[in-house]
Amino acid sequence: MSTHADAEHHAPEAPERSSTLLWTFGLLVIMVILVAWFAHWFKRGAHEGRHLGPYPKVAAAVAVDHTKLIAERGQEVLDKGATIYAKTCAACHGAAGVPSASIQPPPRNFTTEAVKNPNGNGPYALYLVLLNGFEGRMPAQPGLTAEEKYAVIHFLREGWIKANKAAKYVEVDPPKVTEMIPKPGTTTGPPPPPWTVQEPAAVRALMAGFAAEAAGDRAQAEAWLERIIASRPSALVVTAVRELRASERFQFIAQLHQAAKAGQKDRFTALLVGSESGGWLPWFALRSQADLDAIFAPMQQAAATAPAAAGVK
């Protein structure tokens with residue numbers, strides 16, 4: 001005889017009440033709400049972007065003491081200028097001041113070419129070139145601060161111009177240019193936003209030449225890495241090549257290739273650990289000096305044994 005408790009134990013459970021159609025309808029409603037919300041804010045953002053621009057706020061005017069910046073030519077300033085030149089100017093003018101012949105129209109050769117600037121090679125004369133550009137060929141450099149402009153100017157003047165063309169070097173600007181230098185404390189408004197400046201046609205041609213040059217540098221650097229692997233190097237060097245390829249920093253790899261080809265071990269090491277390149281790859285930064293030396297040797301050999309037909313610079 002079964003008891004009441006047994007009856008309750010064996011009684012079937014109530015079926016779960018659910019509806020596939022109801023769940024589908026609910027999900028569709030949520031999706032419609034999300035799409036409508038996204039479309040609303042996308043339309044609003046696009047409208048504000050067209051009418052206000054990406055940076056609607058006007059930067060404050062800044063005071064630049066040109067006299068002070070012109071006088072500061074110490075080693076710290078020159079080192080800063082060298083770094084700025086490598087990042088901003090070397091792509092067109094060449095790492096050693098000698099531009100590639102494949103870039104047209106050709107940028108100025110700082111080591112041999114005569115002065116083209118009618119204001120001369122004085123500090124403020126070159127500052128005006130960086131501020132406004134030159135002859136529709138060299139673009140202005142609004143991304144550099146006044147301090148950075150003068151740092152790279154001092155690097156060029158005290159290094160290449162003074163060393164290679166001492167007769168063209170002047171300590172100060174001529175009187176007609178000196179009169180143009182703003183007085184200390186004078187404030188000037190910020191330069192116009194880069195996206196509002198229409199570059200001259202000659203600059204577009206220059207940039208096209210630079211792009212072609214960069215593509216060639218990348219191809220040569222990739223061929224260089226292939227030669228390194230083909231030489232059956234040590235496991236350390238194989239890993240180094242893999243790290244470089246994985247980074248996909250092709251301009252950085254091209255700089256390494258140029259340093260290796262020139263036998264510039266110190267610059268090669270500085271690039272790898274980030275002290276010169278402005279960036280760094282963790283794997284290399286953690287290597288010992290002995291490891292870095294072991295990496296440099298086969299990479300230099302591979303750079304020096306490039307086939308002549310490859311057209312390596």
# chains A, B, ... in the order shown; residues from 1 in each chain; ligands from 1

$ residues_around --residues "Glu72 of chain A" --least-positions-apart "4" --cutoff "12 Å" --atoms "only C-alpha atoms" --output "list in words"
Asp65, His66, Thr67, Lys68, Glu76, Val77, Leu78, Lys80, Gly81, Pro123, Glu147, Glu148, Tyr150, Ala151, Val152, Ile153, His154, Phe155 and Glu158 of chain A

$ write_last_selection --atoms "N, CA and C atoms" --output "tab-separated table (two decimals), in the first residue's frame"
chain	number	residue	atom	x	y	z
A	65	ASP	N	60.46	82.87	-26.52
A	65	ASP	CA	61.64	83.73	-26.37
A	65	ASP	C	62.67	83.28	-27.41
A	66	HIS	N	62.58	83.85	-28.60
A	66	HIS	CA	63.47	83.45	-29.68
A	66	HIS	C	64.92	83.74	-29.35
A	67	THR	N	65.18	84.86	-28.71
A	67	THR	CA	66.56	85.22	-28.37
A	67	THR	C	67.20	84.17	-27.48
A	68	LYS	N	66.45	83.70	-26.51
A	68	LYS	CA	66.96	82.67	-25.59
A	68	LYS	C	67.18	81.35	-26.33
A	76	GLU	N	73.22	69.20	-24.99
A	76	GLU	CA	71.89	68.63	-24.76
A	76	GLU	C	70.93	69.06	-25.86
A	77	VAL	N	71.01	70.31	-26.27
A	77	VAL	CA	70.15	70.80	-27.35
A	77	VAL	C	70.52	70.12	-28.67
A	78	LEU	N	71.82	69.96	-28.93
A	78	LEU	CA	72.25	69.32	-30.17
A	78	LEU	C	71.81	67.86	-30.21
A	80	LYS	N	69.19	66.61	-28.72
A	80	LYS	CA	67.75	66.63	-28.96
A	80	LYS	C	67.46	66.90	-30.44
A	81	GLY	N	68.23	67.82	-31.03
A	81	GLY	CA	68.05	68.12	-32.44
A	81	GLY	C	68.36	66.92	-33.32
A	123	PRO	N	69.97	81.27	-37.67
A	123	PRO	CA	69.00	80.53	-36.86
A	123	PRO	C	67.55	80.91	-37.15
A	147	GLU	N	60.85	75.21	-29.49
A	147	GLU	CA	62.07	74.63	-28.92
A	147	GLU	C	62.60	73.51	-29.80
A	148	GLU	N	61.71	72.68	-30.32
A	148	GLU	CA	62.13	71.57	-31.18
A	148	GLU	C	62.66	72.08	-32.52
A	150	TYR	N	64.20	74.96	-33.09
A	150	TYR	CA	65.54	75.51	-32.88
A	150	TYR	C	66.55	74.40	-32.57
A	151	ALA	N	66.12	73.34	-31.90
A	151	ALA	CA	67.04	72.24	-31.59
A	151	ALA	C	67.55	71.60	-32.88
A	152	VAL	N	66.65	71.32	-33.81
A	152	VAL	CA	67.09	70.69	-35.06
A	152	VAL	C	67.88	71.68	-35.92
A	153	ILE	N	67.54	72.97	-35.83
A	153	ILE	CA	68.30	74.00	-36.56
A	153	ILE	C	69.74	74.06	-36.04
A	154	HIS	N	69.91	74.05	-34.74
A	154	HIS	CA	71.26	74.09	-34.17
A	154	HIS	C	72.04	72.83	-34.53
A	155	PHE	N	71.35	71.69	-34.55
A	155	PHE	CA	72.01	70.44	-34.95
A	155	PHE	C	72.55	70.54	-36.38
A	158	GLU	N	75.39	73.73	-36.44
A	158	GLU	CA	76.63	73.49	-35.71
A	158	GLU	C	77.33	72.22	-36.18

$ residues_around --residues "Val115 of chain A" --least-positions-apart "4" --cutoff "8 Å" --atoms "only C-alpha atoms" --output "list in words"
Gly120, Asn121 and Lys168 of chain A

$ write_last_selection --atoms "C-alpha atoms" --output "tab-separated table (two decimals), in the first residue's frame"
chain	number	residue	atom	x	y	z
A	120	GLY	CA	70.48	82.85	-45.40
A	121	ASN	CA	71.38	80.04	-43.00
A	168	LYS	CA	78.53	79.72	-45.40

$ residues_around --residues "Pro175 of chain A" --least-positions-apart "4" --cutoff "12 Å" --atoms "only C-alpha atoms" --output "PyMOL selection string"
chain A and resi 119-120+122+124-125+179-181

$ write_last_selection --atoms "N, CA and C atoms" --output "mmCIF file, in the first residue's frame"
data_model
loop_
_atom_site.group_PDB
_atom_site.id
_atom_site.type_symbol
_atom_site.label_atom_id
_atom_site.label_comp_id
_atom_site.auth_asym_id
_atom_site.auth_seq_id
_atom_site.Cartn_x
_atom_site.Cartn_y
_atom_site.Cartn_z
ATOM 1 N N ASN A 119 67.035 84.367 -47.127
ATOM 2 C CA ASN A 119 67.354 84.956 -45.823
ATOM 3 C C ASN A 119 68.629 84.382 -45.217
ATOM 4 N N GLY A 120 69.237 83.405 -45.887
ATOM 5 C CA GLY A 120 70.481 82.848 -45.401
ATOM 6 C C GLY A 120 70.285 81.619 -44.519
ATOM 7 N N GLY A 122 71.047 81.606 -41.161
ATOM 8 C CA GLY A 122 71.020 81.986 -39.753
ATOM 9 C C GLY A 122 69.933 81.249 -38.994
ATOM 10 N N TYR A 124 67.257 82.225 -37.149
ATOM 11 C CA TYR A 124 65.870 82.618 -37.357
ATOM 12 C C TYR A 124 65.449 82.420 -38.806
ATOM 13 N N ALA A 125 66.372 82.563 -39.739
ATOM 14 C CA ALA A 125 66.042 82.329 -41.147
ATOM 15 C C ALA A 125 65.587 80.892 -41.352
ATOM 16 N N GLU A 179 65.822 91.934 -37.501
ATOM 17 C CA GLU A 179 64.715 92.855 -37.205
ATOM 18 C C GLU A 179 63.367 92.145 -37.190
ATOM 19 N N MET A 180 63.291 90.989 -37.822
ATOM 20 C CA MET A 180 62.036 90.242 -37.887
ATOM 21 C C MET A 180 61.800 89.377 -36.654
ATOM 22 N N ILE A 181 62.843 89.168 -35.837
ATOM 23 C CA ILE A 181 62.712 88.292 -34.669
ATOM 24 C C ILE A 181 61.776 88.930 -33.644
#

$ atom_distance --atom1 "atom CA of Lys165 of chain A" --atom2 "atom CA of Asn117 of chain A"
15.1 Å

$ residues_around --residues "segment 261-270 of chain A" --least-positions-apart "5" --cutoff "9 Å" --atoms "only C-alpha atoms" --output "count of residues only"
16

$ select_by_dssp --residues "segment 45-192 of chain A" --states "strand (DSSP E or B)" --output "PyMOL selection string"
chain A and resi 62-63+134+138+187-188

$ residues_around --residues "Ser231 of chain A" --least-positions-apart "2" --cutoff "10 Å" --atoms "only C-alpha atoms" --output "PyMOL selection string"
chain A and resi 226-229+233-234+298-299+301-302

$ write_last_selection --atoms "N, CA and C atoms" --output "PDB file, in the first residue's frame"
ATOM      1  N   GLU A 226      65.736  37.808 -44.920  1.00  0.00           N
ATOM      2  CA  GLU A 226      65.775  36.512 -45.580  1.00  0.00           C
ATOM      3  C   GLU A 226      67.219  35.993 -45.684  1.00  0.00           C
ATOM      4  N   ARG A 227      68.159  36.883 -46.001  1.00  0.00           N
ATOM      5  CA  ARG A 227      69.556  36.468 -46.109  1.00  0.00           C
ATOM      6  C   ARG A 227      70.112  36.033 -44.755  1.00  0.00           C
ATOM      7  N   ILE A 228      69.659  36.697 -43.701  1.00  0.00           N
ATOM      8  CA  ILE A 228      70.120  36.317 -42.361  1.00  0.00           C
ATOM      9  C   ILE A 228      69.695  34.882 -42.046  1.00  0.00           C
ATOM     10  N   ILE A 229      68.430  34.553 -42.303  1.00  0.00           N
ATOM     11  CA  ILE A 229      67.924  33.203 -42.034  1.00  0.00           C
ATOM     12  C   ILE A 229      68.626  32.181 -42.925  1.00  0.00           C
ATOM     13  N   PRO A 233      71.950  31.045 -39.004  1.00  0.00           N
ATOM     14  CA  PRO A 233      72.553  31.635 -37.798  1.00  0.00           C
ATOM     15  C   PRO A 233      72.184  30.844 -36.557  1.00  0.00           C
ATOM     16  N   SER A 234      72.639  31.344 -35.421  1.00  0.00           N
ATOM     17  CA  SER A 234      72.330  30.700 -34.143  1.00  0.00           C
ATOM     18  C   SER A 234      70.848  30.871 -33.804  1.00  0.00           C
ATOM     19  N   PRO A 298      76.102  38.636 -37.392  1.00  0.00           N
ATOM     20  CA  PRO A 298      75.552  38.033 -38.621  1.00  0.00           C
ATOM     21  C   PRO A 298      74.641  38.976 -39.395  1.00  0.00           C
ATOM     22  N   MET A 299      73.987  39.909 -38.696  1.00  0.00           N
ATOM     23  CA  MET A 299      73.135  40.861 -39.391  1.00  0.00           C
ATOM     24  C   MET A 299      73.973  41.838 -40.210  1.00  0.00           C
ATOM     25  N   GLN A 301      76.930  41.108 -41.470  1.00  0.00           N
ATOM     26  CA  GLN A 301      77.482  40.332 -42.574  1.00  0.00           C
ATOM     27  C   GLN A 301      76.447  40.154 -43.680  1.00  0.00           C
ATOM     28  N   ALA A 302      75.191  39.891 -43.296  1.00  0.00           N
ATOM     29  CA  ALA A 302      74.133  39.726 -44.299  1.00  0.00           C
ATOM     30  C   ALA A 302      73.866  41.026 -45.035  1.00  0.00           C
TER      31      ALA A 302
END

$ atom_distance --atom1 "atom CA of Val98 of chain A" --atom2 "atom CA of Thr112 of chain A"
8.5 Å

$ closest_residue --among "A:Leu128, A:Met31, A:Ala146, A:Ala96" --to "Gly159 of chain A" --atoms "only C-alpha atoms"
A:Ala96

$ select_by_dssp --residues "segment 80-137 of chain A" --states "alpha helix (DSSP H)" --output "JSON, numbers by chain"
{"A": [80, 81, 82, 83, 84, 90, 91, 92, 93, 123, 124, 125, 126, 127, 128, 129, 130, 131, 132]}
